[in-house]
Each structure stands twice: as C-alpha cells, then as structure tokens.
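Student: Take this structure first; my questions come after.
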Amino acid sequence: MTLTSNSRRKIVIVGGNSAGLRVANQIFRMMRWPNVTIVEPSTSHVYEPLLPWLAAGLATPEEVSKPLADVLPKQINWARQGLKKLDPKKKVVILESGREIPFEFLVWADGLVPNWKKSMKGVDALVGENGICHTLDLENARATQKMVNSFEGGKVVFAMMSQLKGEEAAQRFLFLLDDVLRKKGLRDKSSFHFVAIRPDLFPSTKIREKLEAIAKQKGVELHFNHGFKSIDADKRTIVFDQLNEKGKASGETLELDYDLLHVTPALIPPEPLNKAKLAARTGDSKGLMAVDQHTLQHKKQKYYFGIGDALALPIPRVDAAAEGQAPIVAYNLLATLKGKGPGTFKKYDGHASVSLSSANKQALLTGFDYENEQVAVSMGSEEEGYLSWLKSRYINPWMYWRKAAKGQL
Ligand SMILES: Cc1cc2nc3c(=O)[nH]c(=O)nc-3n(C[C@H](O)[C@H](O)[C@H](O)COP(=O)(O)OP(=O)(O)OC[C@H]3O[C@@H](n4cnc5c(N)ncnc54)[C@H](O)[C@@H]3O)c2cc1C
C-alpha cells in the first residue's frame with residue numbers, strides 16, 4: 001500500500017531505538033511525504049543484542065552503536081528530548097522542555113526502563129564500582145568489559161530480577177564470560193551463581209531443559225524464585241529472599257559473596273504511558289501498552305499504535321518481534337489514516353525468534369508465535385551449534401546496520 005498524504009497529517013513516534021526506527025522506516029516506505037516526528041533523547045542508536053558481547057570483550061563499541069542521526073530517515077523531524085507527558089484530549093505530546101508537539105497518530109516505542117527502587121533498591125548507586133556491573137546499555141557494557149579484563153578469577157554472581165525482559169541477555173553474558181575465563185585459564189579459580197526471580201531459565205520447556213543442562217555441565221549453580229533483599233558492597237555480600245508460590249518472601253534467605261556481581265533490575269515501561277492511561281491495568285501486563293495483539297492498535301484509542309518492548313503481548317521482548325511488528329503497525333496506521341477500519345488491517349501472529357548463546361561460537365536459535373512456544377527458524381537450530389552463533393553474532397548485526405543505513409529496516 002502506498003499512500004500520498006496531502007494533508008501531511010502528523011505522526012509522532014515516541015522512542016527511536018530499534019522498534020521506533022523500524023516503524024519509521026516502514027512508514028517512509030509505504031507513504032509519500034509523511035509528516036513524522038520522532039521523540040528520542042539519546043543521540044546514539046544501539047543494537048542491544050550485541051551488548052553482552054561487548055561486555056565480555058568480544059565485540060567493539062562501533063559494532064554495537066552508531067549515531068542516531070546516521071540511521072534516521074533524512075526527512076524525519078527529530079525532537080531530541082524525552083517525552084514528559086501525553087495529553088490525549090488535546091492530542092499533544094509534551095517534552096521535557098515543555099515544548100508541545102501536536103499529533104494525529106501516535107506510535108509508542110519507548111521500550112522498558114530499569115526500576116531499581118522496586119527490585120534492587122540502592123544497587124544503582126553502586127554499579128560501576130566494587131565489582132558490580134550491568135550490560136543493559138552501552139556505557140555500562142563498556143564499564144563491564146573493563147571489569148572483565150581485570151578480573152583474575154573468583155566468585156561471580158548473576159542477579160536476574162527482571163520478569164519482562166533480559167533473561168537471554170544475562171544468560172548470554174554468563175556463558176560468554178564462562179568461555180572468556182576458560183580461555184584465560186581462570187574458570188577453575190571461579191564459581192558461578194545465577195539467581196533469578198523467575199522460576200526457570202526460559203519460558204519454553206524444551207529450550208529450558210537444554211539450557212539448564214548446559215549451565216549445570218559448565219558448573220553454574222542455578223537458584224530460581226529468589227528476590228533481592230540486601231547488599232553490603234564493602235563486604236561484597238548479596239542476600240536474596242526465597243519466594244513462595246505467591247511471590248512473597250518465604251523467610252528463607254540465600255547469602256552469597258561475590259567478586260563480580262552482574263545485576264539486572266526489574267524493567268518496566270517509562271512513566272508517561274501510565275499517566276496517559278494507555279497501559280493495561282491488571283495482570284502480568286500491568287503498565288504495558290494495551291494493544292490488540294494482532295493489529296497492534298490500542299484497544300480503545302484508534303489513533304494510537306505500539307511496537308516493541310513496551311507492549312502488553314504474551315511473547316518475549318526481543319528485536320526480532322519488533323521486526324515482525326513494524327510493517328503491521330505502519331500498514332494499519334496508514335489504513336486508519338485513509339479512514340479504513342480493523343477489517344482491512346494486517347495481523348501480527350506473534351512470530352519472533354531468540355538466540356541463546358551457550359558459549360562463544362555456540363548458540364541455540366528458537367522461534368515462537370502466539371500459538372506455538374517453539375517454531376523453526378531459518379539458518380538456526382534448537383540444538384547448540386556454530387551456524388546459530390554465526391547468525392546472531394555476525395549476520396544479524398551486519399544486516400541490521402546495513403538496512404538501517406539504507407532506511408530499509
Ligand atoms: C542487553 C540486551 C540484549 C538483548 N539481546 C537480544 C537478542 O539477542 N535478540 C533480540 O531479538 N533482542 C534482544 N534484546 C531486546 C531488543 O534489543 C529489544 O527488544 C529491541 O531493541 C526493541 O526494543 P525497543 O525499541 O522497543 O526498546 P528500546 O531498545 O529500549 O528503545 C526504547 C527507546 O525509547 C527511548 N525512550 C525511553 N523513554 C522515553 C521517553 N520518555 N521519551 C522519548 N523516548 C524515550 C529510549 O531512549 C530508547 O531509545 C536485547 C536487549 C538488551 C538490553
């Protein structure tokens with residue numbers, strides 16, 4: 001579908017990382033002279049799947065990040081600030097400076113942000129020192145790399161307190177670090193503990209069993225259903241509460257000493273979505289954007305669409321999902337702009353894939369959709385293998401940046 005917009009009706013995209021850029025590219029491909037503004041405070045664009053590789057010293061910052069200006073479509077308006085508020089009645093977004101941008105259509109692509117206060121209170125102030133690190137952004141992945149380079153063996157603890165996103169990222173860093181330490185002859189001098197708030201390593205049963213077997217074979221101690229309780233950075237000790245079936249502290253605790261502590265706090269949607277009353281109110285998806293899972297249009301507001309990690313969808317939050325969603329969102333938004341209804345919309349089936357590194361040069365690749373917890377992925381296998389590694393480490397990033405530079409994501 002190609003549309004000409006004579007009236008130049010204004011589309012605002014909130015968030016300009018992978019999901020925001022993908023949908024912007026699709027809109028520019030489907031529509032002549034669209035009037036699109038992207039609201040994004042960051043000046044760099046990050047290919048997040050490579051962050052754990054960077055942290056382990058197995059990728060360069062240039063492979064992971066490029067200036068956003070180099071990948072944005074040339075005709076797009078870029079508001080280089082964060083969104084502070086959305087006024088749905090006036091149909092304006094209000095930026096941090098107070099500047100107002102009116103919109104007719106809004107695409108929500110602002111991902112998830114760490115919530116330290118609720119999940120790991122006080123730990124954010126300690127990150128970067130005393131052996132405490134995370135790999136959720138470029139700056140911290142680089143700082144982690146320095147810690148890895150100077151690490152001489154010892155107790156490594158992974159505290160995975162996010163339920164919504166990041167399992168595969170924390171595991172990837174764990175297995176890559178395991179490999180790096182083996183190559184340096186330091187693994188025998190090290191112990192690995194992976195402590196998760198989740199009840200398992202991965203939602204899909206078959207993959208979970210494989211991953212847990214690989215972890216055990218590599219000498220990783222797994223502790224599930226544990227929430228963060230406290231930390232003593234001077235003594236380098238972290239304490240977790242064992243959780244009961246209701247997710248509450250059972251009274252039992254797990255205390256671990258560490259020399260290197262990798263943390264993943266809870267990841268939640270940024271505040272403006274909740275304030276604008278666009279979020280799901282109950283259940284596991286509480287706080288995430290309430291869209292129809294097939295059309296990706298807001299359940300109540302027809303001028304609002306969503307894409308990427310910010311959505312209340314029953315699938316893992318991965319870039320491969322945003323890739324599948326972008327053409328659907330662009331098509332359905334443009335159909336709405338032409339006055340068409342959901343009967344004419346394209347439908348997203350929940351398809352995406354995720355790569356699970358089990359070592360440097362070894363990975364498992366699995367796909368899923370709304371109906372199936374496992375579907376086959378081209379050039380990948382659910383068994384550990386070199387090809388899946390090659391795809392996730394080199395082919396996917398290469399294709400991402402190549403397409404991004406050409407506006408073809
Ligand atoms: C360490 C790590 C490893 C990963 N590994 C994989 C992997 O192997 N495979 C895979 O498919 N996926 C992986 N992912 C997930 C994948 O990167 C995301 O699913 C994908 O990038 C889509 O994200 P997004 O654009 O929705 O959100 P994000 O990438 O989080 O982008 C959101 C953007 O919104 C902006 N923003 C936030 N608040 C505001 C505001 N108030 N106003 C304006 N802008 C705002 C942010 O600055 C950011 O640029 C990984 C993620 C991480 C962090």
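As shown in the structure tokens, the chain order sets the letters A, B, ...; within each chain, residues go from 1, and ligands are also counted from 1 in the order they appear.
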If we count only C-alpha atoms, what is near Val36 (chain A) at a cut-off of 12 Å, once residues fewer than 3 positions away on the same chain are taken out, given as a VMD selection string?
Tutor: chain A and resid 5 8 to 14 20 to 21 23 to 28 31 to 33 39 72 to 79 101 to 107 330
Student: Would you kindly return, as a ChimeraX atom specification, each protein, DNA or RNA residue with an atom no farther than 10 Å from any atom of region 309-311 of chain A, considering only C-alpha atoms and excluding same-chain residues fewer than 6 positions away?
Tutor: /A:18-19,108-113,164-165,268-270,273,279-280,285,287-293,296,298,317-319,321-322
Student: Please give the complete set of residues from region 133-191 of chain A that DSSP, run on the backbone, assigns to alpha helix (DSSP H), formatted as a PyMOL selection string.
Tutor: chain A and resi 138-150+167-183
Student: Would you please extract all strand (DSSP E or B) residues from region 39-234 of chain A, as assigned by DSSP on the backbone, and give them as a ChimeraX atom specification?
Tutor: /A:39,44-46,65-67,77-79,83-87,92-95,100-102,105-108,113-115,132-133,155-160,191-196,220-223,226-232
Student: Rank A:Arg393, A:Lys90, A:Lys206, A:Arg142 by their smallest atom-to-atom distance to ligand 1, using only C-alpha atoms and all ligand atoms, and report the top residue only.
Tutor: A:Arg393
Student: Do you know which residues are at most 10 Å from Asn225 (chain A) counting only C-alpha atoms, after dropping those on the same chain fewer than 6 positions away, and could you put them as a PyMOL selection string?
Tutor: chain A and resi 161+195-200+240-245+247-249
Student: Could you please take those selected residues and save C-alpha atoms as a short mmCIF file (atom, residue, chain, number, x, y, z; two decimals), in the first residue's frame?
Tutor:
data_model
loop_
_atom_site.label_atom_id
_atom_site.label_comp_id
_atom_site.auth_asym_id
_atom_site.auth_seq_id
_atom_site.Cartn_x
_atom_site.Cartn_y
_atom_site.Cartn_z
CA MET A 161 15.47 -9.60 38.87
CA VAL A 195 19.99 -16.19 40.87
CA ALA A 196 16.66 -15.40 39.20
CA ILE A 197 13.32 -14.08 40.34
CA ARG A 198 11.76 -16.26 37.63
CA PRO A 199 11.01 -19.94 38.24
CA ASP A 200 13.23 -21.07 35.33
CA PHE A 240 18.21 -12.89 48.35
CA ASP A 241 14.79 -13.84 49.70
CA GLN A 242 13.49 -17.21 48.65
CA LEU A 243 9.98 -16.61 47.29
CA ASN A 244 6.89 -18.73 47.91
CA GLU A 245 4.19 -19.61 45.30
CA GLY A 247 5.94 -14.45 45.06
CA LYS A 248 6.37 -13.32 48.68
CA ALA A 249 9.45 -13.82 50.88
#
